[in-house]
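Asks: My structure file start_16.pdb, PDB, C-alpha atoms, is below:
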```
ATOM      1  CA  MET A   1      -9.196  12.133 -22.667  1.00  0.00           C
ATOM      2  CA  ILE A   2      -9.847  10.079 -19.546  1.00  0.00           C
ATOM      3  CA  ARG A   3      -6.655   8.061 -20.063  1.00  0.00           C
ATOM      4  CA  ARG A   4      -4.616  11.255 -20.297  1.00  0.00           C
ATOM      5  CA  ALA A   5      -6.148  12.589 -17.093  1.00  0.00           C
ATOM      6  CA  THR A   6      -5.533   9.292 -15.305  1.00  0.00           C
ATOM      7  CA  ALA A   7      -1.937   9.155 -16.545  1.00  0.00           C
ATOM      8  CA  PHE A   8      -1.397  12.772 -15.481  1.00  0.00           C
ATOM      9  CA  LEU A   9      -2.727  12.071 -11.969  1.00  0.00           C
ATOM     10  CA  PHE A  10      -0.589   8.944 -11.677  1.00  0.00           C
ATOM     11  CA  VAL A  11       2.601  10.719 -12.771  1.00  0.00           C
ATOM     12  CA  THR A  12       1.843  13.644 -10.466  1.00  0.00           C
ATOM     13  CA  PHE A  13       1.386  11.243  -7.559  1.00  0.00           C
ATOM     14  CA  LEU A  14       4.679   9.509  -8.349  1.00  0.00           C
ATOM     15  CA  ILE A  15       6.514  12.828  -8.492  1.00  0.00           C
ATOM     16  CA  ILE A  16       5.131  13.775  -5.075  1.00  0.00           C
ATOM     17  CA  ALA A  17       5.307  10.365  -3.381  1.00  0.00           C
ATOM     18  CA  THR A  18       8.710   9.148  -4.538  1.00  0.00           C
ATOM     19  CA  PRO A  19      10.802  11.650  -2.568  1.00  0.00           C
ATOM     20  CA  VAL A  20       8.640  11.118   0.491  1.00  0.00           C
ATOM     21  CA  SER A  21       9.104   7.346   0.425  1.00  0.00           C
ATOM     22  CA  THR A  22      12.812   7.403  -0.421  1.00  0.00           C
ATOM     23  CA  PHE A  23      13.895  10.018   2.081  1.00  0.00           C
ATOM     24  CA  ALA A  24      11.507   8.699   4.739  1.00  0.00           C
ATOM     25  CA  GLN A  25      12.028  11.695   6.980  1.00  0.00           C
ATOM     26  CA  GLY A  26       9.616  13.439   9.264  1.00  0.00           C
ATOM     27  CA  GLY A  27       6.727  11.256  10.372  1.00  0.00           C
ATOM     28  CA  PHE A  28       7.662   8.392   8.079  1.00  0.00           C
ATOM     29  CA  LYS A  29       9.677   5.388   9.173  1.00  0.00           C
ATOM     30  CA  GLN A  30      12.850   4.507   7.307  1.00  0.00           C
ATOM     31  CA  ILE A  31      12.306   1.431   5.135  1.00  0.00           C
ATOM     32  CA  VAL A  32      15.869   0.105   5.248  1.00  0.00           C
ATOM     33  CA  PRO A  33      17.039  -0.602   8.818  1.00  0.00           C
ATOM     34  CA  SER A  34      19.637   1.816  10.130  1.00  0.00           C
ATOM     35  CA  ASN A  35      22.179  -0.996  10.622  1.00  0.00           C
ATOM     36  CA  CYS A  36      22.127  -1.704   6.888  1.00  0.00           C
ATOM     37  CA  SER A  37      22.616   1.794   5.535  1.00  0.00           C
ATOM     38  CA  GLY A  38      25.856   3.691   5.120  1.00  0.00           C
ATOM     39  CA  ALA A  39      29.463   2.590   4.974  1.00  0.00           C
ATOM     40  CA  GLY A  40      30.208  -0.960   6.101  1.00  0.00           C
ATOM     41  CA  ALA A  41      26.558  -1.908   6.033  1.00  0.00           C
ATOM     42  CA  ALA A  42      27.159  -5.398   4.651  1.00  0.00           C
ATOM     43  CA  GLU A  43      28.957  -6.495   7.835  1.00  0.00           C
ATOM     44  CA  ASN A  44      26.261  -5.149  10.155  1.00  0.00           C
ATOM     45  CA  CYS A  45      23.169  -6.618   8.451  1.00  0.00           C
ATOM     46  CA  GLY A  46      21.745  -9.856   9.763  1.00  0.00           C
ATOM     47  CA  PHE A  47      18.609 -11.957   9.690  1.00  0.00           C
ATOM     48  CA  CYS A  48      16.810  -9.611  12.063  1.00  0.00           C
ATOM     49  CA  ASP A  49      17.443  -6.685   9.755  1.00  0.00           C
ATOM     50  CA  LEU A  50      16.049  -8.675   6.829  1.00  0.00           C
ATOM     51  CA  ALA A  51      12.906  -9.424   8.850  1.00  0.00           C
ATOM     52  CA  GLU A  52      12.560  -5.747   9.725  1.00  0.00           C
ATOM     53  CA  LEU A  53      12.985  -4.783   6.065  1.00  0.00           C
ATOM     54  CA  ALA A  54      10.283  -7.287   5.065  1.00  0.00           C
ATOM     55  CA  GLN A  55       7.902  -5.893   7.694  1.00  0.00           C
ATOM     56  CA  ASN A  56       8.550  -2.317   6.552  1.00  0.00           C
ATOM     57  CA  VAL A  57       7.970  -3.184   2.886  1.00  0.00           C
ATOM     58  CA  LEU A  58       4.755  -5.056   3.713  1.00  0.00           C
ATOM     59  CA  ASN A  59       3.413  -2.189   5.808  1.00  0.00           C
ATOM     60  CA  ASP A  60       4.270   0.411   3.176  1.00  0.00           C
ATOM     61  CA  ALA A  61       2.639  -1.699   0.464  1.00  0.00           C
ATOM     62  CA  VAL A  62      -0.552  -1.905   2.519  1.00  0.00           C
ATOM     63  CA  TYR A  63      -0.505   1.868   3.100  1.00  0.00           C
ATOM     64  CA  LEU A  64      -0.130   2.470  -0.646  1.00  0.00           C
ATOM     65  CA  ALA A  65      -2.898  -0.018  -1.452  1.00  0.00           C
ATOM     66  CA  VAL A  66      -5.293   1.737   0.932  1.00  0.00           C
ATOM     67  CA  PHE A  67      -4.310   5.121  -0.525  1.00  0.00           C
ATOM     68  CA  PHE A  68      -4.893   3.985  -4.117  1.00  0.00           C
ATOM     69  CA  SER A  69      -8.160   2.335  -3.094  1.00  0.00           C
ATOM     70  CA  ALA A  70      -9.398   5.624  -1.686  1.00  0.00           C
ATOM     71  CA  ILE A  71      -8.491   7.375  -4.937  1.00  0.00           C
ATOM     72  CA  LEU A  72     -10.275   4.737  -7.003  1.00  0.00           C
ATOM     73  CA  PHE A  73     -13.351   4.865  -4.755  1.00  0.00           C
ATOM     74  CA  ALA A  74     -13.437   8.638  -5.247  1.00  0.00           C
ATOM     75  CA  TRP A  75     -13.031   8.217  -9.016  1.00  0.00           C
ATOM     76  CA  ALA A  76     -15.882   5.697  -9.154  1.00  0.00           C
ATOM     77  CA  GLY A  77     -18.076   7.997  -7.065  1.00  0.00           C
ATOM     78  CA  PHE A  78     -17.263  10.890  -9.380  1.00  0.00           C
ATOM     79  CA  LYS A  79     -18.185   8.775 -12.402  1.00  0.00           C
ATOM     80  CA  MET A  80     -21.437   7.742 -10.773  1.00  0.00           C
ATOM     81  CA  LEU A  81     -22.412  11.308  -9.841  1.00  0.00           C
ATOM     82  CA  THR A  82     -21.587  12.781 -13.247  1.00  0.00           C
ATOM     83  CA  ASN A  83     -23.214  10.114 -15.412  1.00  0.00           C
ATOM     84  CA  ASN A  84     -26.058  12.285 -16.779  1.00  0.00           C
ATOM     85  CA  GLY A  85     -28.329   9.259 -16.950  1.00  0.00           C
ATOM     86  CA  ASN A  86     -25.840   7.148 -18.893  1.00  0.00           C
ATOM     87  CA  MET A  87     -26.384   3.587 -17.664  1.00  0.00           C
ATOM     88  CA  HIS A  88     -23.068   2.470 -19.156  1.00  0.00           C
ATOM     89  CA  GLN A  89     -21.154   4.878 -16.882  1.00  0.00           C
ATOM     90  CA  ILE A  90     -23.177   3.762 -13.879  1.00  0.00           C
ATOM     91  CA  SER A  91     -22.337   0.119 -14.544  1.00  0.00           C
ATOM     92  CA  GLU A  92     -18.645   1.035 -15.013  1.00  0.00           C
ATOM     93  CA  ALA A  93     -18.633   2.902 -11.705  1.00  0.00           C
ATOM     94  CA  ARG A  94     -20.277  -0.028  -9.921  1.00  0.00           C
ATOM     95  CA  GLN A  95     -17.717  -2.371 -11.454  1.00  0.00           C
ATOM     96  CA  ILE A  96     -14.884  -0.121 -10.221  1.00  0.00           C
ATOM     97  CA  PHE A  97     -16.395  -0.083  -6.719  1.00  0.00           C
ATOM     98  CA  THR A  98     -16.688  -3.880  -6.741  1.00  0.00           C
ATOM     99  CA  ASP A  99     -13.190  -4.510  -8.107  1.00  0.00           C
ATOM    100  CA  VAL A 100     -11.522  -2.104  -5.688  1.00  0.00           C
ATOM    101  CA  ALA A 101     -13.407  -3.505  -2.697  1.00  0.00           C
ATOM    102  CA  ILE A 102     -12.495  -7.089  -3.622  1.00  0.00           C
ATOM    103  CA  GLY A 103      -8.868  -6.141  -4.234  1.00  0.00           C
ATOM    104  CA  LEU A 104      -8.608  -4.276  -0.947  1.00  0.00           C
ATOM    105  CA  VAL A 105     -10.089  -7.205   0.968  1.00  0.00           C
ATOM    106  CA  ILE A 106      -7.617  -9.600  -0.706  1.00  0.00           C
ATOM    107  CA  ILE A 107      -4.649  -7.346   0.085  1.00  0.00           C
ATOM    108  CA  LEU A 108      -5.648  -6.825   3.718  1.00  0.00           C
ATOM    109  CA  ALA A 109      -6.445 -10.513   4.204  1.00  0.00           C
ATOM    110  CA  GLY A 110      -3.078 -11.464   2.701  1.00  0.00           C
ATOM    111  CA  TRP A 111      -1.284  -9.056   5.017  1.00  0.00           C
ATOM    112  CA  LEU A 112      -3.175 -10.447   8.003  1.00  0.00           C
ATOM    113  CA  VAL A 113      -2.322 -14.039   7.072  1.00  0.00           C
ATOM    114  CA  VAL A 114       1.383 -13.277   6.558  1.00  0.00           C
ATOM    115  CA  ASP A 115       1.606 -11.275   9.780  1.00  0.00           C
ATOM    116  CA  THR A 116      -0.185 -13.955  11.803  1.00  0.00           C
ATOM    117  CA  LEU A 117       1.910 -16.782  10.366  1.00  0.00           C
ATOM    118  CA  MET A 118       5.156 -14.949  11.035  1.00  0.00           C
ATOM    119  CA  ARG A 119       4.136 -14.282  14.627  1.00  0.00           C
ATOM    120  CA  ILE A 120       3.279 -17.966  15.119  1.00  0.00           C
ATOM    121  CA  LEU A 121       6.499 -19.175  13.458  1.00  0.00           C
ATOM    122  CA  VAL A 122       8.735 -17.068  15.690  1.00  0.00           C
ATOM    123  CA  GLY A 123       6.967 -18.432  18.766  1.00  0.00           C
ATOM    124  CA  GLY A 124       5.277 -15.263  19.888  1.00  0.00           C
ATOM    125  CA  GLN A 125       1.738 -14.676  20.915  1.00  0.00           C
ATOM    126  CA  ILE A 126      -0.576 -12.985  18.485  1.00  0.00           C
ATOM    127  CA  GLY A 127      -0.618  -9.275  19.213  1.00  0.00           C
ATOM    128  CA  SER A 128       2.249  -9.361  21.697  1.00  0.00           C
ATOM    129  CA  PHE A 129       5.133  -7.918  19.662  1.00  0.00           C
ATOM    130  CA  PRO A 130       6.103  -7.308  16.058  1.00  0.00           C
ATOM    131  CA  TRP A 131       7.524 -10.472  14.539  1.00  0.00           C
ATOM    132  CA  ASN A 132      10.483  -8.572  13.114  1.00  0.00           C
ATOM    133  CA  LYS A 133      11.683  -7.669  16.633  1.00  0.00           C
ATOM    134  CA  ILE A 134      12.581 -11.257  17.599  1.00  0.00           C
ATOM    135  CA  CYS A 135      16.240 -10.374  18.103  1.00  0.00           C
ATOM    136  CA  GLY A 136      15.595  -7.747  20.710  1.00  0.00           C
TER     137      GLY A 136
END
```
What is this structure when it is put down as structure tokens?

Replies:
Amino acid sequence: MIRRATAFLFVTFLIIATPVSTFAQGGFKQIVPSNCSGAGAAENCGFCDLAELAQNVLNDAVYLAVFFSAILFAWAGFKMLTNNGNMHQISEARQIFTDVAIGLVIILAGWLVVDTLMRILVGGQIGSFPWNKICG
């Protein structure tokens, strides 16, 4: 029963989130740089566009990880509040909290390391400009 509910929520999220991420209109930033989309895109794309694409993918992955972490934290809290004295459910909820917190810290630390290294490698100062804007 729980697996069906989880699968239903996941599929529902994908149905809602996929058009938002692919169209990337409104308040969302386009993932693929504008130079690389449309007719004749292969001639216009360069290294700078690849760096911008990498930055956009990394940022979107972090946003999704934070979103899924919030959902899992809510699920673990729901399990903990509705345990009816079942110690097994309490330990499962604590394990979910721990796993999600560790995973989120690893993802955010990885993003920070990659972002910092890229800024150092392109010769910029930390915090001065996005590393994917090295070409102006």

Asks: One number please: atom CA of A:Arg94 to atom CA of A:Leu58, in Å, one decimal.

Replies: 28.9 Å

Asks: Write out as JSON, numbers by chain the residues lying within 12 Å of A:Phe68, counting all atoms listed in the file and excluding same-chain residues fewer than 6 positions away.

Replies: {"A": [9, 10, 13, 14, 61, 62, 74, 75, 100, 101, 103, 104]}

Asks: Using all atoms listed in the file, collect all residues at a distance of at most 12 Å from (-3.5, -9.6, 3.0) as written in the file, then present them as a compact mmCIF listing (two decimals) with C-alpha atoms, keeping the file's coordinate frame.

Replies:
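New file out.txt:
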```txt
# COMPACT_ATOMS: atom_id res chain seq x y z
CA LEU A 58 4.76 -5.06 3.71
CA ASN A 59 3.41 -2.19 5.81
CA ALA A 61 2.64 -1.70 0.46
CA VAL A 62 -0.55 -1.90 2.52
CA TYR A 63 -0.50 1.87 3.10
CA ALA A 65 -2.90 -0.02 -1.45
CA VAL A 66 -5.29 1.74 0.93
CA ILE A 102 -12.50 -7.09 -3.62
CA GLY A 103 -8.87 -6.14 -4.23
CA LEU A 104 -8.61 -4.28 -0.95
CA VAL A 105 -10.09 -7.20 0.97
CA ILE A 106 -7.62 -9.60 -0.71
CA ILE A 107 -4.65 -7.35 0.08
CA LEU A 108 -5.65 -6.82 3.72
CA ALA A 109 -6.44 -10.51 4.20
CA GLY A 110 -3.08 -11.46 2.70
CA TRP A 111 -1.28 -9.06 5.02
CA LEU A 112 -3.18 -10.45 8.00
CA VAL A 113 -2.32 -14.04 7.07
CA VAL A 114 1.38 -13.28 6.56
CA ASP A 115 1.61 -11.28 9.78
CA THR A 116 -0.18 -13.96 11.80
CA LEU A 117 1.91 -16.78 10.37
```

Asks: Have a look at atom CA of A:Phe8 and atom CA of A:Ser69 and let me know their distance in Å, one decimal.

Replies: 17.6 Å

Asks: As an exercise, work out the distance from atom CA of A:Arg119 to atom CA of A:Ser37 in Å and give it to one decimal place.

Replies: 26.1 Å

Asks: Check the smallest atom-to-atom distance from each of A:Cys45, A:Ala54, A:Leu72, A:Ile120 to A:Thr6 using all atoms listed in the file, then report the winner.

Replies: A:Leu72

Asks: May I have the protein, DNA and RNA residues with an atom at most 12 Å from (-19.9, 9.7, -12.5), counting only C-alpha atoms in the file's coordinates, returned as a ChimeraX atom specification?

Replies: /A:73-94,96-97

Asks: Please determine an axis-aligned box that encloses all atoms of stretch 61-77 of chain A listed in the file, with 3 Å added on each side, and express its centre and edge lengths in Å to one decimal as JSON.

Replies:
```
{"center_x": -7.7, "center_y": 3.4, "center_z": -3.0, "size_x": 26.7, "size_y": 16.5, "size_z": 18.3}
```

Asks: Please evaluate the PyMOL selection byres ((chain A and resi 31) around 6) against the displayed coordinates and give the resulting residues as a VMD selection string.

Replies: chain A and resid 30 32 56

Asks: Any chance you could resolve the PyMOL selection byres ((chain A and resi 52) around 9) against this file and give the residues as an MDAnalysis selection string?

Replies: chainID A and resid 31:33 47:51 53:57 131:133
